[in-house]
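Okay, final.cif is below, mmCIF, C-alpha atoms:
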data_final
loop_
_atom_site.group_PDB
_atom_site.id
_atom_site.type_symbol
_atom_site.label_atom_id
_atom_site.label_comp_id
_atom_site.auth_asym_id
_atom_site.auth_seq_id
_atom_site.Cartn_x
_atom_site.Cartn_y
_atom_site.Cartn_z
ATOM 1 C CA ARG A 1 76.520 181.598 141.525
ATOM 2 C CA ARG A 2 78.701 183.554 143.934
ATOM 3 C CA ALA A 3 81.878 181.831 145.083
ATOM 4 C CA PRO A 4 82.438 181.178 148.794
ATOM 5 C CA LYS A 5 84.296 183.884 150.723
ATOM 6 C CA SER A 6 87.298 181.587 151.204
ATOM 7 C CA CYS A 7 87.632 181.304 147.427
ATOM 8 C CA GLU A 8 87.316 185.077 147.044
ATOM 9 C CA ARG A 9 90.206 185.558 149.470
ATOM 10 C CA MET A 10 92.390 183.023 147.592
ATOM 11 C CA LEU A 11 91.625 184.338 144.116
ATOM 12 C CA PRO A 12 94.098 187.281 144.117
ATOM 13 C CA GLN A 13 96.864 184.980 145.422
ATOM 14 C CA GLN A 14 96.184 182.524 142.633
ATOM 15 C CA VAL A 15 96.309 185.306 140.058
ATOM 16 C CA VAL A 16 99.655 186.543 141.418
ATOM 17 C CA ALA A 17 101.045 182.964 141.460
ATOM 18 C CA ALA A 18 99.877 182.320 137.894
ATOM 19 C CA CYS A 19 101.403 185.595 136.646
ATOM 20 C CA SER A 20 104.679 184.862 138.452
ATOM 21 C CA SER A 21 104.836 181.336 136.991
ATOM 22 C CA GLY A 22 104.111 182.685 133.524
ATOM 23 C CA LEU A 23 106.859 185.302 133.763
ATOM 24 C CA LEU A 24 109.337 182.728 135.105
ATOM 25 C CA GLY A 25 108.455 180.284 132.309
ATOM 26 C CA ALA A 26 108.880 182.994 129.692
ATOM 27 C CA ALA A 27 112.292 183.919 131.119
ATOM 28 C CA ILE A 28 113.448 180.283 131.121
ATOM 29 C CA GLY A 29 112.172 179.859 127.552
ATOM 30 C CA CYS A 30 114.103 182.944 126.390
ATOM 31 C CA PHE A 31 117.262 181.675 128.135
ATOM 32 C CA ILE A 32 116.985 178.217 126.524
ATOM 33 C CA GLY A 33 116.417 179.814 123.138
ATOM 34 C CA MET A 34 119.512 181.995 123.545
ATOM 35 C CA ARG A 35 121.615 178.968 124.604
ATOM 36 C CA ARG A 36 120.424 176.971 121.607
ATOM 37 C CA ALA A 37 121.407 179.816 119.302
ATOM 38 C CA GLU A 38 124.845 180.017 120.954
ATOM 39 C CA ASN A 39 125.379 176.251 120.642
ATOM 40 C CA ALA A 40 124.375 176.297 116.981
ATOM 41 C CA ALA A 41 126.864 179.077 116.320
ATOM 42 C CA ALA A 42 129.675 177.397 118.318
ATOM 43 C CA PRO A 43 129.482 173.536 118.334
ATOM 44 C CA PHE A 44 130.481 171.827 121.581
ATOM 45 C CA SER A 45 134.084 170.668 121.868
ATOM 46 C CA SER A 46 135.151 168.202 124.537
ATOM 47 C CA SER A 47 138.456 170.043 124.898
ATOM 48 C CA ALA A 48 136.493 172.990 126.292
ATOM 49 C CA LEU A 49 136.077 171.012 129.518
ATOM 50 C CA ILE A 50 139.789 171.331 130.269
ATOM 51 C CA PRO A 51 140.922 174.885 131.037
ATOM 52 C CA ALA A 52 144.286 176.088 129.792
ATOM 53 C CA THR A 53 147.253 175.607 132.107
ATOM 54 C CA PRO A 54 148.323 178.833 133.860
ATOM 55 C CA ALA A 55 151.828 179.856 132.793
ATOM 56 C CA HIS A 56 152.838 180.450 136.413
ATOM 57 C CA TYR A 57 151.887 176.947 137.612
ATOM 58 C CA ALA A 58 155.004 174.972 138.520
ATOM 59 C CA GLY A 59 153.470 171.500 138.284
ATOM 60 C CA GLY A 60 153.175 168.726 140.871
ATOM 61 C CA ASP A 61 150.370 166.617 142.326
ATOM 62 C CA MET A 62 146.843 167.993 142.239
ATOM 63 C CA VAL A 63 143.656 166.868 143.934
ATOM 64 C CA LEU A 64 140.529 168.525 142.555
ATOM 65 C CA THR A 65 136.813 167.917 142.323
ATOM 66 C CA GLY A 66 135.769 169.337 138.965
ATOM 67 C CA ALA A 67 137.503 169.653 135.630
ATOM 68 C CA PRO A 68 141.235 169.642 136.365
ATOM 69 C CA ILE A 69 143.694 172.314 135.358
ATOM 70 C CA LEU A 70 146.491 170.441 133.650
ATOM 71 C CA PRO A 71 149.874 170.766 135.376
ATOM 72 C CA ALA A 72 152.853 172.109 133.473
ATOM 73 C CA GLN A 73 154.619 168.753 133.856
ATOM 74 C CA MET A 74 151.987 166.116 133.268
ATOM 75 C CA PRO A 75 152.148 162.375 132.544
ATOM 76 C CA SER A 76 151.809 161.382 128.914
ATOM 77 C CA ALA A 77 148.617 159.445 129.777
ATOM 78 C CA VAL A 78 146.795 162.787 129.725
ATOM 79 C CA ALA A 79 147.020 162.662 125.920
ATOM 80 C CA ALA A 80 144.668 159.648 125.872
ATOM 81 C CA LEU A 81 142.211 161.354 128.214
ATOM 82 C CA GLN A 82 142.207 164.514 126.131
ATOM 83 C CA TRP A 83 141.573 162.469 122.994
ATOM 84 C CA ALA A 84 139.101 159.861 124.284
ATOM 85 C CA GLY A 85 137.462 161.880 127.072
ATOM 86 C CA TRP A 86 137.848 161.879 130.844
ATOM 87 C CA PRO A 87 135.901 159.096 132.625
ATOM 88 C CA GLY A 88 135.243 161.480 135.513
ATOM 89 C CA PHE A 89 136.662 164.375 137.505
ATOM 90 C CA ASP A 90 136.404 163.166 141.096
ATOM 91 C CA ASN A 91 139.645 163.681 143.084
ATOM 92 C CA ILE A 92 142.022 163.714 140.126
ATOM 93 C CA ARG A 93 145.685 162.927 140.875
ATOM 94 C CA PHE A 94 148.504 163.590 138.438
ATOM 95 C CA ARG A 95 151.328 161.195 139.194
ATOM 96 C CA GLU A 96 154.607 160.928 137.370
ATOM 97 C CA GLY A 97 153.572 157.759 135.541
ATOM 98 C CA TYR A 98 149.767 157.856 135.524
ATOM 99 C CA VAL A 99 146.593 159.835 136.153
ATOM 100 C CA SER A 100 143.943 158.582 138.561
ATOM 101 C CA SER A 101 140.588 159.420 140.103
ATOM 102 C CA TYR A 102 140.083 158.335 143.712
ATOM 103 C CA ASN A 103 136.794 157.430 145.401
ATOM 104 C CA ARG A 104 136.834 158.374 149.078
ATOM 105 C CA GLN A 105 133.632 156.426 149.729
ATOM 106 C CA THR A 106 134.778 153.026 148.455
ATOM 107 C CA ARG A 107 138.482 153.674 149.241
ATOM 108 C CA ASN A 108 139.280 152.458 145.713
ATOM 109 C CA PRO A 109 140.329 154.248 142.550
ATOM 110 C CA ASN A 110 137.453 155.142 140.243
ATOM 111 C CA TRP A 111 139.884 154.675 137.366
ATOM 112 C CA VAL A 112 143.552 154.989 136.487
ATOM 113 C CA CYS A 113 145.088 155.843 133.110
ATOM 114 C CA GLU A 114 148.639 155.083 131.987
ATOM 115 C CA HIS A 115 150.681 155.294 128.814
ATOM 116 C CA LEU A 116 152.830 152.303 127.854
ATOM 117 C CA CYS A 117 155.652 152.749 125.377
ATOM 118 C CA LYS A 118 159.311 151.708 125.186
ATOM 119 C CA GLN A 119 160.352 154.871 127.018
ATOM 120 C CA THR A 120 158.137 154.170 130.044
ATOM 121 C CA LEU A 121 158.730 150.406 130.167
ATOM 122 C CA ASN A 122 162.535 150.649 130.224
ATOM 123 C CA GLY A 123 164.773 152.134 132.872
ATOM 124 C CA ASP A 124 166.703 151.543 136.084
ATOM 125 C CA ALA A 125 163.790 151.660 138.528
ATOM 126 C CA ASN A 126 163.549 148.570 140.728
ATOM 127 C CA ARG A 127 160.684 147.559 143.006
ATOM 128 C CA LYS A 128 163.259 146.283 145.538
ATOM 129 C CA LYS A 129 164.282 149.909 146.055
ATOM 130 C CA SER A 130 160.693 150.957 146.825
ATOM 131 C CA ALA A 131 159.584 151.366 150.407
ATOM 132 C CA GLY A 132 156.565 149.173 149.672
ATOM 133 C CA PHE A 133 152.872 149.868 150.032
ATOM 134 C CA ALA A 134 152.013 153.209 151.616
ATOM 135 C CA GLU A 135 148.926 155.185 152.532
ATOM 136 C CA ASP A 136 148.180 158.194 150.348
ATOM 137 C CA ASP A 137 148.531 161.137 152.733
ATOM 138 C CA VAL A 138 146.841 163.437 150.208
ATOM 139 C CA ASP A 139 143.551 162.192 151.657
ATOM 140 C CA PRO A 140 142.498 162.903 155.254
ATOM 141 C CA PRO A 141 143.020 159.883 157.552
ATOM 142 C CA HIS A 142 139.277 159.200 157.788
ATOM 143 C CA MET A 143 138.890 159.180 153.980
ATOM 144 C CA ARG A 144 141.714 156.921 152.834
ATOM 145 C CA ALA A 145 142.543 153.235 152.770
ATOM 146 C CA THR A 146 145.033 152.112 155.407
ATOM 147 C CA LEU A 147 147.522 149.277 155.594
ATOM 148 C CA ASN A 148 145.581 147.786 158.517
ATOM 149 C CA ASP A 149 142.442 147.511 156.353
ATOM 150 C CA PHE A 150 144.153 144.784 154.288
ATOM 151 C CA LYS A 151 145.826 143.004 157.211
ATOM 152 C CA ASN A 152 144.605 139.390 157.556
ATOM 153 C CA SER A 153 141.786 140.121 155.099
ATOM 154 C CA GLY A 154 142.650 137.284 152.722
ATOM 155 C CA TYR A 155 142.872 139.732 149.797
ATOM 156 C CA ASP A 156 145.935 140.927 147.912
ATOM 157 C CA ARG A 157 146.728 144.607 147.508
ATOM 158 C CA GLY A 158 146.295 144.602 143.736
ATOM 159 C CA HIS A 159 147.952 147.263 141.594
ATOM 160 C CA LEU A 160 145.801 148.926 138.948
ATOM 161 C CA VAL A 161 148.913 150.526 137.451
ATOM 162 C CA ALA A 162 151.548 147.816 137.676
ATOM 163 C CA ALA A 163 154.949 148.631 139.144
ATOM 164 C CA ALA A 164 156.601 147.066 136.079
ATOM 165 C CA ASP A 165 154.847 149.652 133.889
ATOM 166 C CA ALA A 166 156.889 152.496 135.425
ATOM 167 C CA LYS A 167 160.524 151.468 135.082
ATOM 168 C CA PHE A 168 161.545 154.827 133.610
ATOM 169 C CA SER A 169 161.632 156.496 137.055
ATOM 170 C CA GLN A 170 162.030 155.282 140.627
ATOM 171 C CA LYS A 171 159.571 157.925 141.833
ATOM 172 C CA ALA A 172 157.022 156.804 139.243
ATOM 173 C CA MET A 173 157.402 153.194 140.397
ATOM 174 C CA ASP A 174 157.136 154.179 144.058
ATOM 175 C CA GLU A 175 153.850 155.980 143.355
ATOM 176 C CA THR A 176 152.312 152.760 142.043
ATOM 177 C CA PHE A 177 152.513 151.398 145.618
ATOM 178 C CA LEU A 178 150.248 154.123 147.025
ATOM 179 C CA LEU A 179 147.002 152.631 148.305
ATOM 180 C CA SER A 180 145.086 155.088 146.108
ATOM 181 C CA ASN A 181 146.310 152.905 143.197
ATOM 182 C CA ILE A 182 145.294 149.669 144.934
ATOM 183 C CA SER A 183 142.116 147.566 144.995
ATOM 184 C CA PRO A 184 141.482 144.378 146.995
ATOM 185 C CA GLN A 185 141.941 141.395 144.693
ATOM 186 C CA VAL A 186 141.729 137.641 145.075
ATOM 187 C CA GLY A 187 145.323 136.442 145.217
ATOM 188 C CA VAL A 188 145.588 132.947 143.758
ATOM 189 C CA GLY A 189 144.056 132.765 140.303
ATOM 190 C CA PHE A 190 143.546 136.503 139.829
ATOM 191 C CA ASN A 191 146.159 138.973 141.122
ATOM 192 C CA ARG A 192 148.820 136.282 140.939
ATOM 193 C CA GLY A 193 147.224 134.696 137.901
ATOM 194 C CA TYR A 194 144.934 136.269 135.331
ATOM 195 C CA TRP A 195 145.603 139.911 136.293
ATOM 196 C CA GLU A 196 149.374 139.418 136.157
ATOM 197 C CA ARG A 197 148.957 137.802 132.748
ATOM 198 C CA MET A 198 146.850 140.747 131.606
ATOM 199 C CA GLU A 199 149.535 143.226 132.704
ATOM 200 C CA ARG A 200 152.215 141.270 130.895
ATOM 201 C CA TRP A 201 150.062 141.058 127.780
ATOM 202 C CA CYS A 202 149.635 144.865 127.732
ATOM 203 C CA ARG A 203 153.394 145.395 127.976
ATOM 204 C CA ASN A 204 154.035 142.901 125.222
ATOM 205 C CA LEU A 205 151.762 144.847 122.884
ATOM 206 C CA VAL A 206 154.646 147.342 122.877
ATOM 207 C CA PHE A 207 157.584 144.925 123.022
ATOM 208 C CA GLY A 208 156.352 142.326 120.548
ATOM 209 C CA GLY A 209 152.889 143.296 119.381
ATOM 210 C CA GLY A 210 153.907 145.988 116.935
ATOM 211 C CA TYR A 211 152.279 148.907 118.779
ATOM 212 C CA SER A 212 154.262 152.051 119.537
ATOM 213 C CA ASP A 213 151.816 153.287 122.185
ATOM 214 C CA VAL A 214 149.292 151.578 124.443
ATOM 215 C CA PHE A 215 147.003 153.726 126.600
ATOM 216 C CA VAL A 216 145.392 151.741 129.411
ATOM 217 C CA ILE A 217 142.391 152.780 131.520
ATOM 218 C CA THR A 218 141.663 150.421 134.417
ATOM 219 C CA GLY A 219 139.217 150.438 137.299
ATOM 220 C CA PRO A 220 136.986 148.442 139.670
ATOM 221 C CA LEU A 221 133.322 147.610 139.147
ATOM 222 C CA TYR A 222 130.541 146.831 141.620
ATOM 223 C CA LEU A 223 127.966 144.869 139.655
ATOM 224 C CA PRO A 224 124.703 143.330 140.914
ATOM 225 C CA HIS A 225 123.908 139.633 140.725
ATOM 226 C CA VAL A 226 120.620 137.860 140.068
ATOM 227 C CA ALA A 227 119.162 136.093 143.097
ATOM 228 C CA LYS A 228 116.824 133.101 143.100
ATOM 229 C CA ASP A 229 113.813 135.415 143.234
ATOM 230 C CA GLY A 230 114.846 136.910 139.884
ATOM 231 C CA ASN A 231 115.759 140.315 141.328
ATOM 232 C CA TYR A 232 119.155 142.023 141.201
ATOM 233 C CA TYR A 233 121.103 142.661 144.409
ATOM 234 C CA MET A 234 124.415 144.295 145.281
ATOM 235 C CA HIS A 235 126.613 142.092 147.432
ATOM 236 C CA HIS A 236 130.306 142.588 148.118
ATOM 237 C CA ARG A 237 132.588 142.461 151.117
ATOM 238 C CA VAL A 238 133.957 145.548 152.891
ATOM 239 C CA LEU A 239 137.370 145.394 154.587
ATOM 240 C CA GLY A 240 138.618 147.101 157.730
ATOM 241 C CA LYS A 241 137.524 147.816 161.286
ATOM 242 C CA PRO A 242 135.395 149.853 160.939
ATOM 243 C CA PRO A 243 134.658 148.513 157.443
ATOM 244 C CA MET A 244 135.726 151.045 154.833
ATOM 245 C CA VAL A 245 137.492 149.449 151.827
ATOM 246 C CA HIS A 246 134.984 147.963 149.383
ATOM 247 C CA VAL A 247 135.951 144.782 147.529
ATOM 248 C CA PRO A 248 135.068 145.128 143.811
ATOM 249 C CA THR A 249 133.056 142.372 142.168
ATOM 250 C CA HIS A 250 134.736 142.923 138.779
ATOM 251 C CA PHE A 251 137.473 144.919 137.081
ATOM 252 C CA PHE A 252 137.472 146.628 133.704
ATOM 253 C CA GLN A 253 140.257 147.633 131.376
ATOM 254 C CA GLY A 254 140.093 149.607 128.148
ATOM 255 C CA HIS A 255 142.691 150.614 125.568
ATOM 256 C CA PRO A 256 141.565 153.757 123.744
ATOM 257 C CA GLY A 257 143.377 154.397 120.488
ATOM 258 C CA ALA A 258 142.958 156.189 117.210
ATOM 259 C CA ALA A 259 142.103 154.067 114.163
ATOM 260 C CA ASP A 260 144.776 155.759 112.053
ATOM 261 C CA SER A 261 147.620 155.142 114.493
ATOM 262 C CA GLN A 262 149.557 152.199 115.856
ATOM 263 C CA ARG A 263 147.661 152.167 119.139
ATOM 264 C CA ALA A 264 145.907 149.101 120.469
ATOM 265 C CA ARG A 265 142.118 149.412 120.860
ATOM 266 C CA ASP A 266 140.083 146.961 122.910
ATOM 267 C CA ALA A 267 138.259 146.567 126.231
ATOM 268 C CA TYR A 268 137.663 143.860 128.842
ATOM 269 C CA SER A 269 135.606 143.148 131.937
ATOM 270 C CA ARG A 270 136.507 140.327 134.321
ATOM 271 C CA PRO A 271 135.145 138.959 137.617
ATOM 272 C CA ARG A 272 137.379 139.357 140.660
ATOM 273 C CA THR A 273 137.658 135.603 141.080
ATOM 274 C CA GLY A 274 140.292 133.671 139.226
ATOM 275 C CA CYS A 275 139.497 132.477 135.738
ATOM 276 C CA GLY A 276 141.553 129.594 134.637
ATOM 277 C CA GLU A 277 142.324 128.724 131.072
ATOM 278 C CA GLY A 278 139.106 127.822 129.312
ATOM 279 C CA GLY A 279 136.987 128.038 132.502
ATOM 280 C CA SER A 280 133.224 128.303 132.059
ATOM 281 C CA GLU A 281 133.044 131.659 133.867
ATOM 282 C CA CYS A 282 135.845 133.021 131.712
ATOM 283 C CA ARG A 283 134.080 131.816 128.552
ATOM 284 C CA ARG A 284 130.812 133.480 129.603
ATOM 285 C CA TRP A 285 132.484 136.794 130.263
ATOM 286 C CA ARG A 286 134.539 136.438 127.110
ATOM 287 C CA ALA A 287 131.357 136.007 125.029
ATOM 288 C CA ARG A 288 129.698 139.016 126.700
ATOM 289 C CA ALA A 289 132.797 141.133 126.115
ATOM 290 C CA VAL A 290 132.819 140.206 122.430
ATOM 291 C CA ARG A 291 129.140 141.214 122.098
ATOM 292 C CA ARG A 292 129.706 144.527 123.870
ATOM 293 C CA LEU A 293 132.774 145.332 121.819
ATOM 294 C CA ALA A 294 131.001 144.438 118.591
ATOM 295 C CA ILE A 295 128.216 146.885 119.462
ATOM 296 C CA ALA A 296 130.696 149.616 120.445
ATOM 297 C CA GLY A 297 132.971 148.964 117.464
ATOM 298 C CA ALA A 298 135.975 148.662 119.784
ATOM 299 C CA THR A 299 138.480 146.217 118.381
ATOM 300 C CA ASP A 300 142.224 146.207 118.198
ATOM 301 C CA CYS A 301 144.096 147.491 115.143
ATOM 302 C CA ALA A 302 143.998 144.053 113.550
ATOM 303 C CA GLY A 303 140.190 144.240 113.478
ATOM 304 C CA ARG A 304 139.617 141.484 116.019
ATOM 305 C CA VAL A 305 138.998 141.179 119.732
ATOM 306 C CA CYS A 306 142.140 140.095 121.531
ATOM 307 C CA CYS A 307 142.202 137.247 124.012
ATOM 308 C CA PRO A 308 144.898 137.959 126.625
ATOM 309 C CA GLU A 309 144.111 134.844 128.678
ATOM 310 C CA ARG A 310 145.390 132.756 125.767
ATOM 311 C CA ALA A 311 148.399 134.949 125.027
ATOM 312 C CA TYR A 312 150.773 133.373 127.559
#
Represent the supplied structure as structure tokens.
Amino acid sequence: RRAPKSCERMLPQQVVAACSSGLLGAAIGCFIGMRRAENAAAPFSSSALIPATPAHYAGGDMVLTGAPILPAQMPSAVAALQWAGWPGFDNIRFREGYVSSYNRQTRNPNWVCEHLCKQTLNGDANRKKSAGFAEDDVDPPHMRATLNDFKNSGYDRGHLVAAADAKFSQKAMDETFLLSNISPQVGVGFNRGYWERMERWCRNLVFGGGYSDVFVITGPLYLPHVAKDGNYYMHHRVLGKPPMVHVPTHFFQGHPGAADSQRARDAYSRPRTGCGEGGSECRRWRARAVRRLAIAGATDCAGRVCCPERAY
């Protein structure tokens, strides 16, 4: 039976489209095959993500989206990132005492990484000599947290890299007060309670815990909660007028370290609210952390999961 005239007119177009699709598919298949052969001949190395540092680069702060070029004078925390892997490459900043990634949407750090050792924890730097909290002028005014965002908010300006972790240099300590290193935190019970205890515990891993080096990666989390209807919802406050600075629901901290070295290895996740000694919420999160760490195989060098809330 003869096809309708409309089908006869469309038939050549369909043939051309089918031939074009076939040629395109064959080209993609050849390309994938070539890439597989290249990967088999040269296995992937994570260090390939980080280009070599140009010899002419003089160092200093950098803000990049994409894999960063390492500055000539870089903080020692980069060693942990090169070994364990970079959590992300969004707006990387190389400070004198830490490396960070800043989120211009939430006005919070994505993560910060620091290196604790006796050399970095000792020195003449004093927080009384610092000018105090300051906006990070690396970011455009409409993309950064401001001092007014925190004013009368009821939240503390919580350090992710503590000022006491950068005593080796006054500049390094001053940079911990930049708002790009700050997240809103509940004051009583958390920033002036559990979080302060956590910071002190990390430093004491070096001073009295028998570890020569402690690499610390810290950042905020925005986790959903289960409502009465059984569904998960995101709910957190946003500070400022207009509202810009997101208040994290939780915070995480990890200590990457090699098994054959004296580096502490563990990880934690805590709600932003205060957790008192032995509180039910703290126990629940403690149990979940132990399960996650057991699955990931992340324990400290003594082969156990540490409990900083009981350390002091």
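Atom CA of Asp137 of chain A sits 21.3 Å away from atom CA of Val247 of chain A.
Put simply, atom CA of Ala172 of chain A is 19.2 Å away from atom CA of Glu196 of chain A.
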Could you work out an axis-aligned bounding box for all listed atoms of segment 205-214 of chain A, with 4 Å added on each of the six sides, and give its centre and edge lengths in Å to one decimal, as lines of an AutoDock Vina configuration file?
center_x = 153.4
center_y = 147.8
center_z = 120.7
size_x = 16.3
size_y = 19.0
size_z = 15.5
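Between His225 of chain A and the candidates A:Thr249, A:Thr146, A:Asn91, A:Ser130, the tightest atom-to-atom separation, counting all atoms listed in the file, involves A:Thr249.
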request  = Rank A:Lys129, A:Lys241, A:His255, A:Lys171 by their smallest atom-to-atom distance to Gly97 of chain A, using only C-alpha atoms, and report the top residue only.
outcome  = A:Lys171
Could you give me, as CSV, every segment 164-246 of chain A residue with an atom at most 10 Å from segment 102-124 of chain A, plus its closest atom pair and distance in Å to one decimal, counting all atoms listed in the file, rows ordered by chain then number?
residue,atom,partner,partner_atom,distance
A:Ala164,CA,A:Leu121,CA,7.1
A:Asp165,CA,A:Leu121,CA,5.4
A:Ala166,CA,A:Thr120,CA,5.8
A:Lys167,CA,A:Gly123,CA,4.8
A:Phe168,CA,A:Gly123,CA,4.3
A:Ser169,CA,A:Gly123,CA,6.8
A:Gln170,CA,A:Asp124,CA,7.5
A:Ala172,CA,A:Thr120,CA,9.6
A:Leu179,CA,A:Asn108,CA,8.1
A:Ser180,CA,A:Pro109,CA,6.0
A:Asn181,CA,A:Pro109,CA,6.2
A:Ile182,CA,A:Asn108,CA,6.7
A:Ser183,CA,A:Asn108,CA,5.7
A:Pro184,CA,A:Asn108,CA,8.5
A:Cys202,CA,A:Leu116,CA,8.1
A:Arg203,CA,A:Leu116,CA,6.9
A:Asn204,CA,A:Leu116,CA,9.8
A:Leu205,CA,A:Leu116,CA,9.0
A:Val206,CA,A:Cys117,CA,6.0
A:Phe207,CA,A:Lys118,CA,7.3
A:Tyr211,CA,A:Cys117,CA,8.3
A:Ser212,CA,A:Cys117,CA,6.0
A:Asp213,CA,A:Cys117,CA,5.0
A:Val214,CA,A:Leu116,CA,5.0
A:Phe215,CA,A:His115,CA,4.6
A:Val216,CA,A:Glu114,CA,5.3
A:Ile217,CA,A:Cys113,CA,4.4
A:Thr218,CA,A:Val112,CA,5.4
A:Gly219,CA,A:Trp111,CA,4.3
A:Pro220,CA,A:Asn110,CA,6.7
A:Leu221,CA,A:Asn110,CA,8.7
A:Val238,CA,A:Thr106,CA,8.7
A:Leu239,CA,A:Arg107,CA,9.9
A:Met244,CA,A:Thr106,CA,6.7
A:Val245,CA,A:Arg107,CA,5.1
A:His246,CA,A:Thr106,CA,5.2
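Excluding Glu135 of chain A and any residue on its chain fewer than 2 positions from it, the residues at most 12 Å away by all atoms listed in the file are A:Arg107, A:Ala131, A:Gly132, A:Phe133, A:Asp137, A:Val138, A:Asp139, A:Pro140, A:Pro141, A:His142, A:Met143, A:Arg144, A:Ala145, A:Thr146, A:Leu147, A:Asn148, A:Asp149, A:Phe150, A:Arg157, A:Asp174, A:Glu175, A:Thr176, A:Phe177, A:Leu178, A:Leu179, A:Ser180, A:Asn181, A:Ile182.
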Output C-alpha atoms for every residue in that selection, as a short mmCIF file (atom, residue, chain, number, x, y, z; two decimals), in the coordinates of the input.
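Result file result_10.cif:
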data_model
loop_
_atom_site.label_atom_id
_atom_site.label_comp_id
_atom_site.auth_asym_id
_atom_site.auth_seq_id
_atom_site.Cartn_x
_atom_site.Cartn_y
_atom_site.Cartn_z
CA ARG A 107 138.48 153.67 149.24
CA ALA A 131 159.58 151.37 150.41
CA GLY A 132 156.56 149.17 149.67
CA PHE A 133 152.87 149.87 150.03
CA ASP A 137 148.53 161.14 152.73
CA VAL A 138 146.84 163.44 150.21
CA ASP A 139 143.55 162.19 151.66
CA PRO A 140 142.50 162.90 155.25
CA PRO A 141 143.02 159.88 157.55
CA HIS A 142 139.28 159.20 157.79
CA MET A 143 138.89 159.18 153.98
CA ARG A 144 141.71 156.92 152.83
CA ALA A 145 142.54 153.24 152.77
CA THR A 146 145.03 152.11 155.41
CA LEU A 147 147.52 149.28 155.59
CA ASN A 148 145.58 147.79 158.52
CA ASP A 149 142.44 147.51 156.35
CA PHE A 150 144.15 144.78 154.29
CA ARG A 157 146.73 144.61 147.51
CA ASP A 174 157.14 154.18 144.06
CA GLU A 175 153.85 155.98 143.35
CA THR A 176 152.31 152.76 142.04
CA PHE A 177 152.51 151.40 145.62
CA LEU A 178 150.25 154.12 147.02
CA LEU A 179 147.00 152.63 148.30
CA SER A 180 145.09 155.09 146.11
CA ASN A 181 146.31 152.90 143.20
CA ILE A 182 145.29 149.67 144.93
#
key: Selected residue, from A:Lys151, A:Gly230, A:Leu160, A:Trp83, that lies nearest to Val99 of chain A when counting all atoms listed in the file   = A:Leu160
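With all atoms listed in the file as the atoms that count, the residue of A:Ala162, A:Met173, A:Ala125, A:Ala80 with the shortest distance to Arg197 of chain A is A:Ala162.
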task = Tell me, in Å to one decimal, how far atom CA of Pro71 of chain A is from atom CA of Gly254 of chain A.
result = 24.4 Å
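Each of A:Leu223, A:Met198, A:Val78, A:Met234 was checked against His159 of chain A using all atoms listed in the file; the smallest atom-to-atom distance is that of A:Met198.
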